[in-house]
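A.B. asks: Structure file upload-v5.txt (compact mmCIF, C-alpha atoms and all ligand atoms) is given on the next line.
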# COMPACT_ATOMS: atom_id res chain seq x y z
CA MET A 1 74.57 23.53 45.20
CA SER A 2 76.85 22.70 48.14
CA VAL A 3 78.42 19.65 49.81
CA THR A 4 79.56 19.47 53.46
CA VAL A 5 82.20 16.94 54.51
CA ARG A 6 83.11 16.06 58.09
CA VAL A 7 86.73 15.03 58.71
CA PRO A 8 88.52 13.78 61.85
CA ALA A 9 91.71 14.94 63.55
CA LYS A 10 94.35 12.32 64.33
CA VAL A 11 96.55 11.33 67.22
CA ASN A 12 99.56 9.10 66.61
CA VAL A 13 99.36 6.31 69.20
CA GLN A 14 102.80 5.19 68.03
CA LEU A 15 105.16 7.39 66.04
CA GLY A 16 108.39 5.53 65.30
CA VAL A 17 110.78 7.82 63.41
CA GLY A 18 113.62 6.45 61.28
CA GLY A 19 116.62 8.38 59.97
CA LEU A 20 116.61 11.39 57.66
CA ARG A 21 116.26 10.29 54.01
CA ALA A 22 118.00 11.94 51.07
CA ASP A 23 114.62 13.52 50.05
CA GLY A 24 114.28 15.34 53.41
CA PHE A 25 111.61 13.00 54.84
CA HIS A 26 111.88 10.33 57.56
CA ASP A 27 110.62 6.75 57.26
CA LEU A 28 107.95 6.18 59.88
CA ALA A 29 106.07 3.45 61.70
CA ASN A 30 103.08 5.72 62.20
CA VAL A 31 99.99 4.31 63.93
CA PHE A 32 97.27 6.87 63.19
CA PHE A 33 94.07 6.98 65.28
CA ALA A 34 91.10 9.15 64.11
CA VAL A 35 89.14 11.02 66.79
CA ALA A 36 85.69 12.64 66.79
CA LEU A 37 87.17 16.13 67.27
CA GLY A 38 87.02 17.31 63.65
CA ASP A 39 86.52 20.04 61.06
CA GLU A 40 83.76 20.49 58.49
CA VAL A 41 84.46 21.76 54.99
CA THR A 42 81.59 22.98 52.77
CA ALA A 43 82.20 23.32 49.03
CA THR A 44 79.73 25.59 47.18
CA ALA A 45 79.61 26.11 43.41
CA GLY A 46 80.87 29.62 42.61
CA GLU A 47 79.90 32.05 39.85
CA PRO A 48 82.00 31.62 36.68
CA GLY A 49 85.34 33.45 36.96
CA THR A 50 85.37 33.80 40.73
CA GLY A 51 88.10 31.13 41.26
CA VAL A 52 88.72 29.49 44.65
CA ILE A 53 87.37 31.54 47.57
CA LEU A 54 88.15 30.51 51.17
CA GLY A 55 86.35 31.18 54.44
CA CYS A 56 87.08 29.92 57.95
CA THR A 57 85.11 30.10 61.20
CA GLY A 58 85.90 28.94 64.74
CA PRO A 59 87.91 30.27 67.70
CA ASP A 60 91.27 29.77 65.93
CA ALA A 61 90.14 30.90 62.47
CA GLY A 62 92.55 33.85 62.59
CA ALA A 63 95.54 31.46 62.51
CA VAL A 64 94.41 29.75 59.29
CA PRO A 65 95.92 31.14 56.05
CA LEU A 66 93.16 32.08 53.56
CA ASP A 67 95.48 32.15 50.55
CA ASP A 68 96.74 29.67 47.95
CA SER A 69 98.80 27.83 50.63
CA ASN A 70 95.64 26.58 52.35
CA LEU A 71 95.52 22.81 51.92
CA ALA A 72 91.79 22.90 51.11
CA ALA A 73 92.40 25.30 48.19
CA ARG A 74 95.39 23.26 47.02
CA ALA A 75 93.26 20.09 47.13
CA ALA A 76 90.45 21.64 45.04
CA ARG A 77 92.93 22.80 42.37
CA LEU A 78 94.79 19.46 42.36
CA LEU A 79 91.55 17.48 41.87
CA ALA A 80 90.41 19.79 39.04
CA ALA A 81 93.81 19.52 37.32
CA ARG A 82 93.77 15.71 37.60
CA HIS A 83 90.49 15.73 35.64
CA GLY A 84 91.83 18.21 33.07
CA LEU A 85 89.48 20.94 34.33
CA ALA A 86 90.32 24.65 34.32
CA GLU A 87 90.78 26.76 37.49
CA PRO A 88 87.69 25.82 39.55
CA ASP A 89 85.06 28.32 40.68
CA VAL A 90 84.30 27.13 44.19
CA ARG A 91 83.81 28.54 47.67
CA LEU A 92 85.36 26.46 50.49
CA ASP A 93 84.13 27.22 54.01
CA ILE A 94 86.09 25.59 56.83
CA ALA A 95 84.43 25.19 60.25
CA LYS A 96 87.65 24.80 62.25
CA ALA A 97 87.64 22.81 65.51
CA ILE A 98 91.04 21.07 65.13
CA PRO A 99 93.88 23.02 66.82
CA VAL A 100 96.02 24.88 64.24
CA ALA A 101 99.68 23.73 63.96
CA GLY A 102 98.87 21.43 66.89
CA GLY A 103 100.15 18.05 65.68
CA MET A 104 96.62 16.80 64.98
CA ALA A 105 96.81 17.16 61.16
CA GLY A 106 94.21 19.92 60.93
CA GLY A 107 95.37 21.34 57.61
CA SER A 108 95.72 17.81 56.22
CA ALA A 109 92.16 17.04 57.35
CA ASP A 110 90.85 20.08 55.45
CA GLY A 111 92.79 19.00 52.35
CA ALA A 112 91.21 15.53 52.50
CA ALA A 113 87.75 17.01 53.14
CA ALA A 114 88.06 19.37 50.17
CA LEU A 115 89.00 16.46 47.88
CA VAL A 116 85.86 14.55 48.93
CA ALA A 117 83.58 17.64 48.88
CA CYS A 118 84.72 18.86 45.44
CA ASP A 119 84.58 15.34 44.01
CA ALA A 120 80.90 15.12 45.05
CA LEU A 121 80.08 18.74 44.05
CA TRP A 122 81.53 18.27 40.58
CA GLY A 123 80.09 14.72 40.18
CA LEU A 124 83.52 13.31 39.29
CA GLY A 125 83.33 9.87 40.95
CA THR A 126 87.12 9.79 41.36
CA PRO A 127 88.26 6.26 42.34
CA THR A 128 89.48 5.95 45.94
CA GLY A 129 92.97 4.94 44.75
CA VAL A 130 93.29 8.21 42.79
CA LEU A 131 92.02 10.28 45.74
CA LEU A 132 94.67 8.59 47.92
CA GLU A 133 97.37 9.45 45.35
CA LEU A 134 96.30 13.10 45.25
CA ALA A 135 96.16 13.14 49.05
CA ALA A 136 99.76 11.87 49.29
CA GLU A 137 100.84 14.66 46.92
CA LEU A 138 99.29 17.21 49.30
CA GLY A 139 101.09 15.90 52.42
CA SER A 140 102.13 12.82 54.40
CA ASP A 141 99.15 13.02 56.80
CA VAL A 142 96.44 13.68 54.16
CA PRO A 143 95.78 10.05 53.02
CA PHE A 144 94.94 8.97 56.59
CA ALA A 145 92.32 11.72 56.92
CA LEU A 146 90.53 10.10 53.94
CA VAL A 147 90.70 6.61 55.45
CA GLY A 148 90.12 7.28 59.18
CA GLY A 149 89.75 4.54 61.79
CA VAL A 150 93.15 3.25 62.89
CA ALA A 151 95.91 2.57 60.35
CA LEU A 152 99.63 1.91 60.17
CA GLY A 153 101.39 4.45 57.93
CA ARG A 154 104.75 3.46 56.47
CA GLY A 155 107.10 5.32 54.14
CA ARG A 156 106.69 8.98 55.10
CA GLY A 157 103.28 8.00 56.54
CA GLU A 158 101.36 7.84 53.26
CA ILE A 159 101.45 4.05 52.66
CA LEU A 160 98.48 2.93 54.76
CA GLU A 161 97.36 -0.40 56.11
CA PRO A 162 94.07 -0.35 58.08
CA LEU A 163 94.44 -2.06 61.47
CA PRO A 164 91.91 -4.30 63.22
CA VAL A 165 90.41 -2.58 66.26
CA ALA A 166 87.72 -3.17 68.87
CA GLY A 167 85.76 -0.79 71.09
CA THR A 168 85.94 2.93 71.71
CA HIS A 169 88.66 4.83 73.60
CA HIS A 170 88.17 8.13 75.41
CA TRP A 171 90.72 10.89 74.82
CA VAL A 172 91.50 14.35 76.13
CA PHE A 173 93.48 16.88 74.08
CA ALA A 174 95.22 19.77 75.83
CA VAL A 175 95.66 22.64 73.37
CA ALA A 176 98.75 24.82 73.83
CA ASP A 177 99.14 28.53 73.17
CA GLY A 178 100.74 28.79 69.72
CA GLY A 179 101.78 25.97 67.40
CA LEU A 180 104.95 24.08 66.56
CA SER A 181 106.33 23.78 63.03
CA THR A 182 106.40 20.13 61.90
CA PRO A 183 109.70 20.45 59.92
CA ALA A 184 111.30 22.19 62.93
CA VAL A 185 110.32 19.31 65.24
CA PHE A 186 111.75 16.69 62.83
CA ARG A 187 114.96 18.80 62.62
CA GLU A 188 115.18 18.94 66.41
CA CYS A 189 114.73 15.13 66.56
CA ASP A 190 117.71 14.77 64.17
CA ARG A 191 119.76 17.27 66.20
CA LEU A 192 119.10 15.44 69.48
CA ARG A 193 120.12 12.14 67.86
CA GLU A 194 123.38 13.71 66.61
CA GLU A 195 124.00 15.13 70.07
CA ALA A 196 123.43 11.69 71.63
CA GLY A 197 125.96 10.23 69.18
CA THR A 198 123.54 7.79 67.54
CA GLY A 199 123.60 9.50 64.13
CA SER A 200 120.51 10.81 62.36
CA SER A 201 120.59 9.56 58.76
CA ASP A 202 118.61 6.62 57.39
CA THR A 203 121.83 4.60 57.14
CA GLU A 204 122.45 5.07 60.88
CA VAL A 205 118.96 4.85 62.42
CA PRO A 206 117.12 1.50 62.16
CA THR A 207 113.82 1.52 60.23
CA PRO A 208 111.08 1.60 62.89
CA ASP A 209 108.37 -1.03 63.17
CA ALA A 210 104.94 -1.17 64.79
CA ASP A 211 105.00 -2.41 68.41
CA PRO A 212 103.20 -5.81 68.68
CA ALA A 213 101.93 -4.91 72.21
CA LEU A 214 100.30 -1.76 70.82
CA LEU A 215 98.69 -3.65 67.92
CA ALA A 216 97.32 -6.27 70.33
CA ALA A 217 95.90 -3.56 72.64
CA LEU A 218 94.13 -1.94 69.66
CA ALA A 219 92.76 -5.28 68.40
CA ASP A 220 91.50 -6.15 71.90
CA GLY A 221 90.04 -2.70 72.63
CA ASP A 222 92.12 -2.72 75.85
CA THR A 223 92.49 0.93 76.94
CA VAL A 224 94.87 0.15 79.85
CA ALA A 225 97.23 -1.81 77.57
CA LEU A 226 96.98 0.89 74.87
CA ALA A 227 97.85 3.57 77.43
CA ALA A 228 100.96 1.58 78.46
CA ALA A 229 102.10 1.21 74.84
CA LEU A 230 101.68 4.86 73.69
CA ALA A 231 105.01 6.05 72.19
CA ASN A 232 106.16 9.05 70.18
CA ASP A 233 109.77 9.40 68.96
CA LEU A 234 109.10 13.12 68.29
CA GLN A 235 108.17 13.76 71.93
CA PRO A 236 111.75 14.53 73.15
CA ALA A 237 112.09 17.04 70.29
CA ALA A 238 108.73 18.71 71.04
CA LEU A 239 109.67 18.90 74.75
CA SER A 240 113.08 20.31 73.89
CA LEU A 241 111.46 23.10 71.82
CA ARG A 242 108.61 23.62 74.33
CA PRO A 243 109.77 22.47 77.83
CA ALA A 244 106.48 23.62 79.43
CA LEU A 245 104.71 20.67 77.78
CA ALA A 246 106.16 18.50 80.59
CA ASP A 247 103.86 20.41 83.00
CA THR A 248 100.84 19.69 80.78
CA LEU A 249 101.67 15.97 80.59
CA ARG A 250 102.13 15.87 84.38
CA ALA A 251 98.84 17.73 85.05
CA GLY A 252 96.82 15.26 82.95
CA THR A 253 98.50 12.25 84.55
CA GLU A 254 97.92 13.63 88.05
CA ALA A 255 94.25 14.13 87.11
CA GLY A 256 93.91 10.39 86.53
CA ALA A 257 94.72 9.85 82.83
CA LEU A 258 95.85 6.27 82.10
CA GLY A 259 98.43 7.43 79.57
CA ALA A 260 99.82 10.66 78.14
CA LEU A 261 101.89 11.72 75.15
CA VAL A 262 102.56 14.61 72.81
CA SER A 263 100.32 14.32 69.72
CA GLY A 264 102.52 13.92 66.61
CA SER A 265 104.81 16.94 66.28
CA GLY A 266 102.94 18.73 69.11
CA PRO A 267 102.35 20.94 70.96
CA THR A 268 98.89 19.42 71.66
CA CYS A 269 99.12 16.77 74.41
CA ALA A 270 96.90 13.67 74.30
CA PHE A 271 95.60 11.70 77.29
CA LEU A 272 93.76 8.36 77.42
CA ALA A 273 91.02 8.05 80.03
CA LYS A 274 89.20 4.97 81.27
CA ASP A 275 85.73 6.15 80.19
CA ALA A 276 83.78 9.24 79.05
CA ALA A 277 83.24 10.55 82.61
CA ALA A 278 86.96 10.21 83.44
CA ALA A 279 87.82 12.05 80.20
CA GLU A 280 85.54 14.97 81.17
CA ALA A 281 87.20 15.08 84.63
CA VAL A 282 90.73 15.08 83.14
CA ALA A 283 89.72 17.84 80.68
CA ALA A 284 88.29 19.97 83.52
CA ALA A 285 91.43 19.45 85.64
CA LEU A 286 93.67 20.40 82.70
CA ARG A 287 91.66 23.59 82.03
CA ALA A 288 91.93 24.48 85.74
CA SER A 289 95.69 23.69 85.88
CA GLY A 290 96.71 26.67 83.76
CA SER A 291 99.16 24.38 81.90
CA CYS A 292 97.27 24.64 78.60
CA ARG A 293 94.99 27.09 76.73
CA THR A 294 92.02 24.72 76.73
CA ALA A 295 91.22 21.00 76.77
CA HIS A 296 88.67 18.88 74.89
CA ALA A 297 87.29 15.43 75.73
CA THR A 298 86.48 13.26 72.72
CA HIS A 299 86.55 9.63 71.55
CA GLY A 300 87.55 7.36 68.70
CA PRO A 301 88.19 5.66 66.43
CA VAL A 302 85.84 7.33 63.91
CA PRO A 303 85.65 7.09 60.09
CA GLY A 304 87.58 9.29 57.65
CA ALA A 305 86.33 12.23 55.54
CA ALA A 306 82.67 11.69 54.57
CA VAL A 307 79.83 13.72 53.09
CA VAL A 308 77.31 14.75 55.76
CA VAL A 309 75.08 17.24 53.86
CA GLU A 310 74.34 17.73 50.15
CA ALA A 311 72.08 20.67 49.41
C1 LIG B 401 104.34 14.37 62.44
C2 LIG B 401 103.20 13.82 61.61
O1 LIG B 401 102.03 14.64 61.76
C3 LIG B 401 102.83 12.43 62.13
O2 LIG B 401 101.64 11.93 61.56
C4 LIG B 401 103.56 13.74 60.13
O3 LIG B 401 104.72 12.94 59.96
C5 LIG B 401 103.72 15.10 59.47
O4 LIG B 401 103.00 15.05 58.28
P1 LIG B 401 102.66 16.38 57.41
O5 LIG B 401 102.41 17.53 58.34
O6 LIG B 401 101.60 15.98 56.43
O7 LIG B 401 104.04 16.62 56.73
P2 LIG B 401 104.39 17.01 55.20
O8 LIG B 401 103.61 18.21 54.82
O9 LIG B 401 104.33 15.79 54.33
O10 LIG B 401 105.92 17.41 55.39
C6 LIG B 401 106.31 18.58 56.07
C7 LIG B 401 107.74 18.42 56.51
O11 LIG B 401 107.81 17.55 57.66
C8 LIG B 401 108.96 16.73 57.61
N1 LIG B 401 108.56 15.30 57.51
C9 LIG B 401 107.27 14.95 57.30
C10 LIG B 401 106.92 13.61 57.23
C11 LIG B 401 107.93 12.64 57.36
N2 LIG B 401 107.65 11.35 57.29
N3 LIG B 401 109.21 13.01 57.56
C12 LIG B 401 109.54 14.33 57.65
O12 LIG B 401 110.72 14.66 57.85
C13 LIG B 401 109.76 17.20 56.40
O13 LIG B 401 110.63 18.21 56.85
C14 LIG B 401 108.68 17.80 55.50
O14 LIG B 401 109.18 18.76 54.61
N1 LIG B 402 93.28 24.35 56.22
C1 LIG B 402 94.28 24.66 57.07
N2 LIG B 402 94.09 24.69 58.38
C2 LIG B 402 95.12 24.98 59.23
N3 LIG B 402 96.36 25.31 58.83
C3 LIG B 402 96.61 25.29 57.51
C4 LIG B 402 95.59 24.97 56.58
N4 LIG B 402 96.13 25.01 55.36
C5 LIG B 402 97.41 25.35 55.50
N5 LIG B 402 97.72 25.54 56.80
C6 LIG B 402 99.09 25.91 57.30
O1 LIG B 402 99.68 24.73 57.82
C7 LIG B 402 100.34 24.97 59.07
C8 LIG B 402 100.23 23.72 59.93
O2 LIG B 402 98.88 23.57 60.26
P1 LIG B 402 98.20 22.22 60.75
O3 LIG B 402 97.04 22.66 61.59
O4 LIG B 402 97.93 21.31 59.63
O5 LIG B 402 99.38 21.64 61.65
P2 LIG B 402 99.56 20.26 62.34
O6 LIG B 402 98.24 19.80 62.88
O7 LIG B 402 100.70 20.40 63.29
O8 LIG B 402 99.97 19.31 61.16
P3 LIG B 402 100.54 17.81 61.23
O9 LIG B 402 99.98 17.16 62.46
O10 LIG B 402 99.98 17.21 59.94
O11 LIG B 402 102.02 17.95 61.21
C9 LIG B 402 99.58 26.17 59.65
O12 LIG B 402 100.40 26.91 60.51
C10 LIG B 402 99.14 26.93 58.42
O13 LIG B 402 100.13 27.89 58.06
With the file now loaded, output its structure as C-alpha cells.
Ligand SMILES: C[C@](O)(CO)[C@H](O)COP(=O)(O)OP(=O)(O)OC[C@H]1O[C@@H](n2ccc(N)nc2=O)[C@H](O)[C@@H]1O
Ligand SMILES: Nc1ncnc2c1ncn2[C@@H]1O[C@H](COP(=O)(O)OP(=O)(O)OP(=O)(O)O)[C@@H](O)[C@H]1O
C.D. replies:
Amino acid sequence: MSVTVRVPAKVNVQLGVGGLRADGFHDLANVFFAVALGDEVTATAGEPGTGVILGCTGPDAGAVPLDDSNLAARAARLLAARHGLAEPDVRLDIAKAIPVAGGMAGGSADGAAALVACDALWGLGTPTGVLLELAAELGSDVPFALVGGVALGRGRGEILEPLPVAGTHHWVFAVADGGLSTPAVFRECDRLREEAGTGSSDTEVPTPDADPALLAALADGDTVALAAALANDLQPAALSLRPALADTLRAGTEAGALGALVSGSGPTCAFLAKDAAAAEAVAAALRASGSCRTAHATHGPVPGAAVVVEA
C-alpha cells in the first residue's frame, strides 16, 4: 500500500525579523504564501525490519541528503514515536521540484508531506493540532506547509493565523546556482544590524508586525498593491552574502515584473506578474538573462499538504 501527498513551496510576501532571542531564534512577522510549485512525497509500507528508506528524483535530487537528517525521514520517525510505535518500516520517495536550500522551504515541505502521508498509510488519524505540534518540532517553516494558503506566522514562524485572501497571483521564481544556509543568512542580518549601530538582540530590535497595506492587498486580491508592499528584512543579508542576486532582481524587474524580492533566506528570487502570460514572459527573460540557473512561472495561493493518491 502507498500514499502520495502533494505539498507546496512558500514565498514570504512579508518577512519582518525581530532581534536575536536567547534561544538562537528571531521573532518574526512572517506572511507565508503557498505556491503551486511543489514536491510530492510517496510513503510505501516496507518489509518488516527494513527501517526508513529514502529515494529522491528530480533535477536537483543529488543535493538532497538521503540520510537520517532528511526532514521526511525525521517526520516519519517523529510521528511513529508520538504514537508509541517502534522504528517504522517505510519507503519515502520524494519527487523534488522545489529548489534545494533556496529559501522556499523545500525540506520543510517534505517533512510536512511525510507527516500527512505516514499518518494516512498507518491509519493513525492524528488530530490536526498534534500534526502542527510535531511540525513545529521539525522546523519553523514546517507548520505552514501543512496549512498552506496565506498565513501570518508569529513567534519563530510556527504560530500561524490564516489570512483572508481573494483571487490568484502569478509568480516567477528565479533559481540560483547553489543554495544559502538559513542560519548563515540570519547571522548576517544580525551582523549588518550591529554594523549599522542599531543593535541585534531582541531587547534592541522592535518586535515586527504585519503591514496593514500588505494585508489589505491580500484580502482584496490586488496584485499591484501586493507588489508594492512586498518586504523581506533578510534581503540585505542575502544580497550581502550573494551580491549577484541584485542582477537577478534587476533582470526580472526590467522584464516587466510588478514587484521583486528575495524569497525568505534566498537565494531564489521571486517576482509578481500581472497575469499568467506576463509571468511566462518574465520567466523566459530571466532564463535568457544569464542571471539565474533557471526560472519557473507558477501561481498561488494553493492549499497545504494533501493526499493525492492512495493505492
Ligand atoms: C527564513 C524562513 O524560511 C522564513 O520563512 C524561516 O524563518 C526559516 O525556517 P526554517 O528553515 O524552518 O528554520 P529552522 O530549521 O526552524 O531553524 C534553522 C535556523 O535558522 C535560524 N532561525 C530560524 C527561524 C527563526 N525564526 N529565527 C532564526 O534565527 C536559527 O539560526 C535556526 O537555528
Ligand atoms: N527533504 C529535503 N529536501 C531538501 N533538503 C533537505 C531535505 N531534508 C533535509 N534537507 C537539508 O536541508 C537544507 C536546506 O534545504 P531546504 O531546501 O529546506 O532549504 P530552504 O528552502 O532554504 O529552507 P527554508 O526556506 O525553510 O529556510 C539542505 O541543504 C539539506 O541539507
A.B. asks: Using the file's own x, y and z axes, so that the box edges lie along x, y and z, what centre and edge lengths in Å (one decimal) does a box around every listed atom of ligand LIG 401 (chain B) get when 4 Å is added on each side? Give it as AutoDock Vina command-line options.
C.D. replies:
--center_x 106.2 --center_y 15.1 --center_z 58.4 --size_x 17.1 --size_y 15.4 --size_z 16.1
A.B. asks: Need the shell around Ala305 of chain A: protein/DNA/RNA residues with any atom at most 10 Å away, counting only C-alpha atoms. Skip same-chain ones fewer than 5 positions apart. Format as a list of chain:residue names?
C.D. replies: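 Contacts, in chain order: A:Val5, A:Arg6, A:Val7, A:Pro8, A:Gly38, A:Asp39, A:Glu40, A:Val41, A:Ala109, A:Asp110, A:Gly111, A:Ala112, A:Ala113, A:Ala114, A:Leu115, A:Val116, A:Ala117, A:Phe144, A:Ala145, A:Leu146, A:Val147, A:Gly148.
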A.B. asks: Could you check the closest approach to Leu20 of chain A for each of A:Val205, A:Leu261, A:Ala238, A:Ala251 and tell me which residue wins, using only C-alpha atoms?
C.D. replies: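 Answer, going by the shortest atom-to-atom distance: A:Val205.
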A.B. asks: How close does chain A get to ligand LIG 401 (chain B)? List, as JSON lines, each residue of chain A within 7 Å, its nearest atom pair and the distance in Å to one decimal, counting only C-alpha atoms and all ligand atoms.
C.D. replies:
{"residue": "A:Asn12", "atom": "CA", "partner": "B:LIG401", "partner_atom": "O2", "distance": 6.2}
{"residue": "A:Leu15", "atom": "CA", "partner": "B:LIG401", "partner_atom": "C3", "distance": 6.8}
{"residue": "A:Leu20", "atom": "CA", "partner": "B:LIG401", "partner_atom": "O12", "distance": 6.7}
{"residue": "A:Gly24", "atom": "CA", "partner": "B:LIG401", "partner_atom": "C13", "distance": 5.7}
{"residue": "A:Phe25", "atom": "CA", "partner": "B:LIG401", "partner_atom": "O12", "distance": 3.6}
{"residue": "A:His26", "atom": "CA", "partner": "B:LIG401", "partner_atom": "N3", "distance": 3.8}
{"residue": "A:Asp27", "atom": "CA", "partner": "B:LIG401", "partner_atom": "N2", "distance": 5.5}
{"residue": "A:Leu28", "atom": "CA", "partner": "B:LIG401", "partner_atom": "N2", "distance": 5.8}
{"residue": "A:Asn30", "atom": "CA", "partner": "B:LIG401", "partner_atom": "O2", "distance": 6.4}
{"residue": "A:Phe32", "atom": "CA", "partner": "B:LIG401", "partner_atom": "O2", "distance": 6.9}
{"residue": "A:Gly103", "atom": "CA", "partner": "B:LIG401", "partner_atom": "O1", "distance": 5.5}
{"residue": "A:Met104", "atom": "CA", "partner": "B:LIG401", "partner_atom": "O1", "distance": 6.7}
{"residue": "A:Ala105", "atom": "CA", "partner": "B:LIG401", "partner_atom": "O1", "distance": 5.8}
{"residue": "A:Ser108", "atom": "CA", "partner": "B:LIG401", "partner_atom": "O6", "distance": 6.2}
{"residue": "A:Gly139", "atom": "CA", "partner": "B:LIG401", "partner_atom": "O9", "distance": 3.8}
{"residue": "A:Ser140", "atom": "CA", "partner": "B:LIG401", "partner_atom": "O9", "distance": 3.7}
{"residue": "A:Asp141", "atom": "CA", "partner": "B:LIG401", "partner_atom": "O6", "distance": 3.9}
{"residue": "A:Val142", "atom": "CA", "partner": "B:LIG401", "partner_atom": "O6", "distance": 6.1}
{"residue": "A:Gly155", "atom": "CA", "partner": "B:LIG401", "partner_atom": "N2", "distance": 6.8}
{"residue": "A:Arg156", "atom": "CA", "partner": "B:LIG401", "partner_atom": "N2", "distance": 3.4}
{"residue": "A:Gly157", "atom": "CA", "partner": "B:LIG401", "partner_atom": "N2", "distance": 5.6}
{"residue": "A:Thr182", "atom": "CA", "partner": "B:LIG401", "partner_atom": "O11", "distance": 5.2}
{"residue": "A:Pro183", "atom": "CA", "partner": "B:LIG401", "partner_atom": "O13", "distance": 3.9}
{"residue": "A:Phe186", "atom": "CA", "partner": "B:LIG401", "partner_atom": "O12", "distance": 5.5}
{"residue": "A:Gly264", "atom": "CA", "partner": "B:LIG401", "partner_atom": "C1", "distance": 4.6}
{"residue": "A:Ser265", "atom": "CA", "partner": "B:LIG401", "partner_atom": "C1", "distance": 4.6}
A.B. asks: How would the residues just chosen look if you wrote them out with C-alpha atoms as a CSV table (one decimal), keeping the file's coordinate frame?
C.D. replies:
chain,number,residue,atom,x,y,z
A,12,ASN,CA,99.6,9.1,66.6
A,15,LEU,CA,105.2,7.4,66.0
A,20,LEU,CA,116.6,11.4,57.7
A,24,GLY,CA,114.3,15.3,53.4
A,25,PHE,CA,111.6,13.0,54.8
A,26,HIS,CA,111.9,10.3,57.6
A,27,ASP,CA,110.6,6.8,57.3
A,28,LEU,CA,108.0,6.2,59.9
A,30,ASN,CA,103.1,5.7,62.2
A,32,PHE,CA,97.3,6.9,63.2
A,103,GLY,CA,100.2,18.0,65.7
A,104,MET,CA,96.6,16.8,65.0
A,105,ALA,CA,96.8,17.2,61.2
A,108,SER,CA,95.7,17.8,56.2
A,139,GLY,CA,101.1,15.9,52.4
A,140,SER,CA,102.1,12.8,54.4
A,141,ASP,CA,99.2,13.0,56.8
A,142,VAL,CA,96.4,13.7,54.2
A,155,GLY,CA,107.1,5.3,54.1
A,156,ARG,CA,106.7,9.0,55.1
A,157,GLY,CA,103.3,8.0,56.5
A,182,THR,CA,106.4,20.1,61.9
A,183,PRO,CA,109.7,20.4,59.9
A,186,PHE,CA,111.8,16.7,62.8
A,264,GLY,CA,102.5,13.9,66.6
A,265,SER,CA,104.8,16.9,66.3
A.B. asks: What's the separation between atom CA of Pro212 of chain A and atom CA of Ala229 of chain A, in Å to one decimal place?
C.D. replies: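 Value for the atom CA of Pro212 of chain A-atom CA of Ala229 of chain A distance: 9.4 Å.
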A.B. asks: In terms of the shortest atom-to-atom distance over all atoms listed in the file, which of A:Gly51, A:Pro143, A:Ala29, A:Ala22 is closest to ligand LIG 402 (chain B)?
C.D. replies: A:Pro143
A.B. asks: One decimal, Å: what's the distance from atom CA of Asp89 of chain A over to atom CA of Asp119 of chain A, could you say?
C.D. replies: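 Computed distance, atom CA of Asp89 of chain A to atom CA of Asp119 of chain A, equals 13.4 Å.
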A.B. asks: Show me, as a ChimeraX atom specification, the residues that have an atom within 10 Å of Leu245 of chain A when counting all atoms listed in the file, minus same-chain residues fewer than 5 positions from it.
C.D. replies: /A:174,176,235,238-240,250-251,261-262,266-269,291-292
A.B. asks: Quote the spacing between atom CA of Ala166 of chain A and atom CA of Thr294 of chain A in Å to one decimal place.
C.D. replies: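 Atom-to-atom, atom CA of Ala166 of chain A to atom CA of Thr294 of chain A, that is 29.3 Å.
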A.B. asks: Is it possible to add N, CA and C atoms to segment 199-210 of chain A and hand it back as an mmCIF file, keeping the file's coordinate frame?
C.D. replies:
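In the end it all went to selection.cif:
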data_model
loop_
_atom_site.group_PDB
_atom_site.id
_atom_site.type_symbol
_atom_site.label_atom_id
_atom_site.label_comp_id
_atom_site.auth_asym_id
_atom_site.auth_seq_id
_atom_site.Cartn_x
_atom_site.Cartn_y
_atom_site.Cartn_z
ATOM 1 N N GLY A 199 123.745 9.207 65.560
ATOM 2 C CA GLY A 199 123.600 9.500 64.130
ATOM 3 C C GLY A 199 122.143 9.761 63.815
ATOM 4 N N SER A 200 121.890 10.432 62.662
ATOM 5 C CA SER A 200 120.510 10.810 62.360
ATOM 6 C C SER A 200 120.074 10.420 60.944
ATOM 7 N N SER A 201 120.987 9.856 60.138
ATOM 8 C CA SER A 201 120.590 9.560 58.760
ATOM 9 C C SER A 201 119.944 8.177 58.672
ATOM 10 N N ASP A 202 119.318 7.899 57.520
ATOM 11 C CA ASP A 202 118.610 6.620 57.390
ATOM 12 C C ASP A 202 119.573 5.439 57.275
ATOM 13 N N THR A 203 120.870 5.707 57.100
ATOM 14 C CA THR A 203 121.830 4.600 57.140
ATOM 15 C C THR A 203 122.256 4.299 58.572
ATOM 16 N N GLU A 204 122.014 5.246 59.482
ATOM 17 C CA GLU A 204 122.450 5.070 60.880
ATOM 18 C C GLU A 204 121.316 4.664 61.829
ATOM 19 N N VAL A 205 120.095 5.121 61.523
ATOM 20 C CA VAL A 205 118.960 4.850 62.420
ATOM 21 C C VAL A 205 118.165 3.665 61.862
ATOM 22 N N PRO A 206 117.887 2.638 62.666
ATOM 23 C CA PRO A 206 117.120 1.500 62.160
ATOM 24 C C PRO A 206 115.709 1.904 61.721
ATOM 25 N N THR A 207 115.195 1.244 60.679
ATOM 26 C CA THR A 207 113.820 1.520 60.230
ATOM 27 C C THR A 207 112.862 1.075 61.331
ATOM 28 N N PRO A 208 111.974 1.963 61.778
ATOM 29 C CA PRO A 208 111.080 1.600 62.890
ATOM 30 C C PRO A 208 109.992 0.620 62.469
ATOM 31 N N ASP A 209 109.461 -0.084 63.431
ATOM 32 C CA ASP A 209 108.370 -1.030 63.170
ATOM 33 C C ASP A 209 107.265 -0.836 64.202
ATOM 34 N N ALA A 210 106.060 -1.284 63.846
ATOM 35 C CA ALA A 210 104.940 -1.170 64.790
ATOM 36 C C ALA A 210 105.190 -2.093 65.980
#
